[in-house]
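Q: Handing you this structure, nothing more for now.
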Amino acid sequence: MELRVLQYFLAVTREQSISGAAESLHLSQPTLSRQLKELEEELGKQLFIRGNRRISLTEEGMILRKRAEEVMDLIHKTRQEISVTDHGVSGDVFIGAGETDGVRLLARAARKLQESYPDIRYHIASGDTTDVLENLDKGLIDFGLLFSAVDTSKYDSVRFPVKDTYGILMRKDSPLAAKDFLTPEDLLDKPLIFNRNTKDGDLLMSWLNRSLSEIHTAATYNLLFNASLMVEEGLGYAFALDKIIHVTENSSLLFKPLSPAIHAEMNLIWKKYQFFSKAAQKFLEEITSVVTGQS
């Protein structure tokens with residue numbers, strides 16, 4: 001499978017027509033059609049559903065589009081890293097992070113590094129553990145900031161010297177709003193909203209002392225902002241980390257800590273034996289200095 005043909009395939013998915021893609025690629029329609037037919041024959045799968053005016057993708061076509069986009073992103077990232085090797089320290093650093101106030105430390109290290117290397121650019125993509133590990137394993141990001149335990153067989157890491165506090169995001173008119181903190185007994189009969197990675201035996205379920213099958217799970221989320229909207233609409237009570245959704249006097253929401261308290265430790269991780277660009281290596285040195293209190 002040639003990269004050129006993948007580019008042709010993505011052009012068709014973008015334009016949703018052979019003619020539009022052929023025009024954008026400066027190819028004849030018969031040439032493009034032949035390349036696509038050969039791609040389907042190579043894979044042994046139909047990739048397109050050809051309508052009168054638009055082309056749509058089969059299930060196999062949607063899988064190929066996702067993978068092709070990842071391949072092209074990785075090629076673009078690699079070209080950028082190679083192109084700056086003769087021009088001092090510049091380029092891009094890619095970081096995947098869960099929603100946490102700990103991102104401040106990433107920003108602090110980036111700001112300090114900016115004084116010496118103003119041509120380094122930082123790209124932080126928000127996501128939960130599933131998103132971050134998937135992108136890290138595919139080489140689409142250099143670092144991941146996670147709350148989960150580190151698989152030391154696959155990743156190296158540096159622990160952040162801060163912890164986030166778990167609690168419940170709820171409406172101010174909730175029956176539990178007058179409490180200073182919440183216990184498991186307060187929540188067992190309530191509709192709860194969890195991060196999608198929550199599973200039996202983890203930190204939160206151990207605190208509740210229940211299995212997921214015994215809990216009224218109203219919804220799950222991967223980004224807390226979406227969960228906050230569900231809470232606002234009265235769908236349930238969301239387990240959340242503090243300082244992510246800013247609750248003020250004018251907000252309809254409030255945050256209540258748990259008792260016993262639960263804290264989430266943070267680790268910045270990267271793949272073992274990773275070859276870093278100059279920019280990523282400088283960032284790793286700076287963030288390590290920041291979190292170990294050496295600067």
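Following the order of the structure tokens, first chain is A, next is B, and so on, with residues numbered from 1 inside each chain and ligands from 1 in the order they appear.
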Sort by chain and increasing residue number a table of all residues of segment 111-167 of chain A within 8 Å of segment 208-224 of chain A, each with its closest pair of atoms and their distance in Å to one decimal, counting only C-alpha atoms, and write it as JSON lines.
A:
```
{"residue": "A:Ser126", "atom": "CA", "partner": "A:Leu223", "partner_atom": "CA", "distance": 7.9}
{"residue": "A:Gly127", "atom": "CA", "partner": "A:Leu223", "partner_atom": "CA", "distance": 6.7}
{"residue": "A:Asp128", "atom": "CA", "partner": "A:Asn222", "partner_atom": "CA", "distance": 5.7}
```
Q: Skip Lys154 of chain A itself and residues of its chain fewer than 3 positions away, then list as a ChimeraX atom specification all residues within 9 Å of it, counting only C-alpha atoms.
A: /A:150-151,270-272
Q: Pick out the residues sitting within 6 Å of Asp92 of chain A, and hand them over as JSON, numbers by chain; count only C-alpha atoms, and ignore anything fewer than 6 positions along from it in its own chain.
A: {"A": [120, 121, 122]}
Q: Going by DSSP on the backbone, which residues of segment 88-154 of chain A come out as helix (DSSP H, G or I)? List them as a PyMOL selection string.
A: chain A and resi 103-116+129-137
Q: Using only C-alpha atoms, what does the table of segment 53-128 of chain A residues within 8 Å of segment 277-295 of chain A look like, with each row giving the shortest atom pair and its distance in Å to one decimal, sorted by chain and ascending number, as CSV?
A:
```
residue,atom,partner,partner_atom,distance
A:Glu81,CA,A:Ser277,CA,6.0
A:Thr85,CA,A:Lys278,CA,7.5
A:Val89,CA,A:Ala279,CA,5.7
A:Ser90,CA,A:Ala279,CA,5.7
A:Gly91,CA,A:Ala279,CA,6.0
A:Asp92,CA,A:Ala279,CA,6.5
A:Val93,CA,A:Ala280,CA,5.4
A:Leu105,CA,A:Val290,CA,7.4
A:Leu106,CA,A:Ile287,CA,6.8
A:Arg108,CA,A:Val290,CA,7.9
A:Ala109,CA,A:Ile287,CA,5.2
A:Ala110,CA,A:Phe283,CA,7.0
A:Lys112,CA,A:Glu286,CA,7.8
A:Leu113,CA,A:Glu286,CA,6.8
A:Ile120,CA,A:Ala279,CA,6.3
```
Q: Would you save the residues of that selection, restricted to N, CA and C atoms, as a compact mmCIF listing (two decimals), in the first residue's frame?
A:
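The result, stored in out.txt:
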```txt
# COMPACT_ATOMS: atom_id res chain seq x y z
N GLU A 81 10.28 17.16 12.42
CA GLU A 81 11.40 16.91 13.31
C GLU A 81 12.72 16.86 12.55
N THR A 85 16.57 19.80 12.28
CA THR A 85 17.78 19.30 12.93
C THR A 85 19.00 20.18 12.65
N VAL A 89 17.55 24.51 18.09
CA VAL A 89 16.45 23.86 18.79
C VAL A 89 15.16 24.60 18.47
N SER A 90 14.33 23.97 17.70
CA SER A 90 13.01 24.50 17.36
C SER A 90 12.13 23.32 17.02
N GLY A 91 10.90 23.58 16.68
CA GLY A 91 10.00 22.49 16.33
C GLY A 91 8.85 22.34 17.29
N ASP A 92 8.26 21.16 17.32
CA ASP A 92 7.01 20.92 18.02
C ASP A 92 7.16 19.86 19.11
N VAL A 93 6.46 20.11 20.21
CA VAL A 93 6.36 19.13 21.29
C VAL A 93 4.89 18.79 21.46
N LEU A 105 1.98 22.83 35.47
CA LEU A 105 3.40 22.52 35.51
C LEU A 105 3.97 22.36 34.10
N LEU A 106 3.18 21.79 33.20
CA LEU A 106 3.61 21.71 31.81
C LEU A 106 3.80 23.10 31.23
N ARG A 108 4.35 25.82 32.92
CA ARG A 108 5.46 26.49 33.60
C ARG A 108 6.80 26.10 32.97
N ALA A 109 6.95 24.82 32.68
CA ALA A 109 8.19 24.36 32.04
C ALA A 109 8.32 24.95 30.64
N ALA A 110 7.20 24.99 29.90
CA ALA A 110 7.23 25.55 28.55
C ALA A 110 7.59 27.03 28.58
N LYS A 112 9.39 28.63 30.87
CA LYS A 112 10.81 28.78 31.21
C LYS A 112 11.69 28.44 30.02
N LEU A 113 11.31 27.40 29.28
CA LEU A 113 12.09 27.00 28.11
C LEU A 113 11.98 28.03 26.99
N ILE A 120 10.30 26.84 19.88
CA ILE A 120 9.62 25.58 20.19
C ILE A 120 8.13 25.85 20.36
```
Q: Between A:Gly96, A:Asp186, A:Leu229, A:Arg171, which one has atoms that come closest to Glu134 of chain A, using only C-alpha atoms?
A: A:Gly96
Q: Name the residues of segment 129-159 of chain A that fall into strand (DSSP E or B) according to DSSP on the backbone, using the chain letters and numbers of this document, as a ChimeraX atom specification.
A: /A:143-146,155-159
Q: How many Å separate atom CA of His123 of chain A from atom CA of Arg79 of chain A?
A: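 Atom-to-atom, atom CA of His123 of chain A and atom CA of Arg79 of chain A are spaced 16.5 Å apart.
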Q: Using only C-alpha atoms, determine which residues lie at most 8 Å from Val158 of chain A, disregarding the query and same-chain residues fewer than 2 positions distant; provide the list as number ranges by chain.
A: A: 156, 160, 267-269, 288
Q: Keeping only N, CA and C atoms, write those residues as a PDB file, in the first residue's frame.
A:
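What follows is the written file result-v8.pdb:
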```pdb
ATOM      1  N   ASP A 156       8.750   5.042  30.461  1.00  0.00           N
ATOM      2  CA  ASP A 156       9.494   5.753  31.493  1.00  0.00           C
ATOM      3  C   ASP A 156       8.618   6.897  31.983  1.00  0.00           C
ATOM      4  N   PHE A 160       4.791  13.850  39.137  1.00  0.00           N
ATOM      5  CA  PHE A 160       4.550  15.255  39.477  1.00  0.00           C
ATOM      6  C   PHE A 160       4.394  15.385  41.000  1.00  0.00           C
ATOM      7  N   ASN A 267       1.607  11.330  36.682  1.00  0.00           N
ATOM      8  CA  ASN A 267       2.897  10.963  36.100  1.00  0.00           C
ATOM      9  C   ASN A 267       2.946  11.421  34.649  1.00  0.00           C
ATOM     10  N   LEU A 268       4.080  12.010  34.279  1.00  0.00           N
ATOM     11  CA  LEU A 268       4.338  12.285  32.870  1.00  0.00           C
ATOM     12  C   LEU A 268       5.091  11.085  32.326  1.00  0.00           C
ATOM     13  N   ILE A 269       4.556  10.470  31.274  1.00  0.00           N
ATOM     14  CA  ILE A 269       5.145   9.238  30.761  1.00  0.00           C
ATOM     15  C   ILE A 269       5.555   9.407  29.304  1.00  0.00           C
ATOM     16  N   THR A 288      11.483  17.944  33.981  1.00  0.00           N
ATOM     17  CA  THR A 288      12.079  17.175  35.073  1.00  0.00           C
ATOM     18  C   THR A 288      12.667  18.104  36.112  1.00  0.00           C
TER      19      THR A 288
END
```
Q: Neighbouring residues of segment 60-69 of chain A were defined as those with any atom within 10 Å, considering only C-alpha atoms; residues of the same chain fewer than 2 positions away were excluded. Please report them as a list of chain:residue names.
A: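 Within the cut-off, the hits are A:Leu3, A:Leu6, A:Gln7, A:Phe9, A:Leu10, A:Thr13, A:Arg14, A:Glu40, A:Leu43, A:Lys45, A:Gln46, A:Leu47, A:Phe48, A:Ile49, A:Ser56, A:Leu57, A:Thr58, A:Val71, A:Met72, A:Asp73, A:Leu74, A:Ile75.
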Q: Out of A:Leu254, A:Ala238, A:Val132, A:Ile245, which residue has the shortest atom-to-atom distance to Asp180 of chain A when counting only C-alpha atoms?
A: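 With only C-alpha atoms as the atom set, the closest residue is A:Leu254.
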Q: Work out how far apart atom CA of Gly234 of chain A and atom CA of Lys256 of chain A are and give it in Å to one decimal.
A: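 Atom CA of Lys256 of chain A lies 16.4 Å from atom CA of Gly234 of chain A.
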Q: Need the shell around Glu265 of chain A: protein/DNA/RNA residues with any atom at most 7 Å away, counting only C-alpha atoms. Skip same-chain ones fewer than 3 positions apart. Format as a compact mmCIF listing (two decimals) with C-alpha atoms, in the first residue's frame?
A:
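Final output, selection_36.txt:
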```txt
# COMPACT_ATOMS: atom_id res chain seq x y z
CA PHE A 147 -3.40 9.58 36.72
CA LYS A 163 -2.04 15.60 43.60
CA ASP A 164 -5.56 16.31 42.44
```
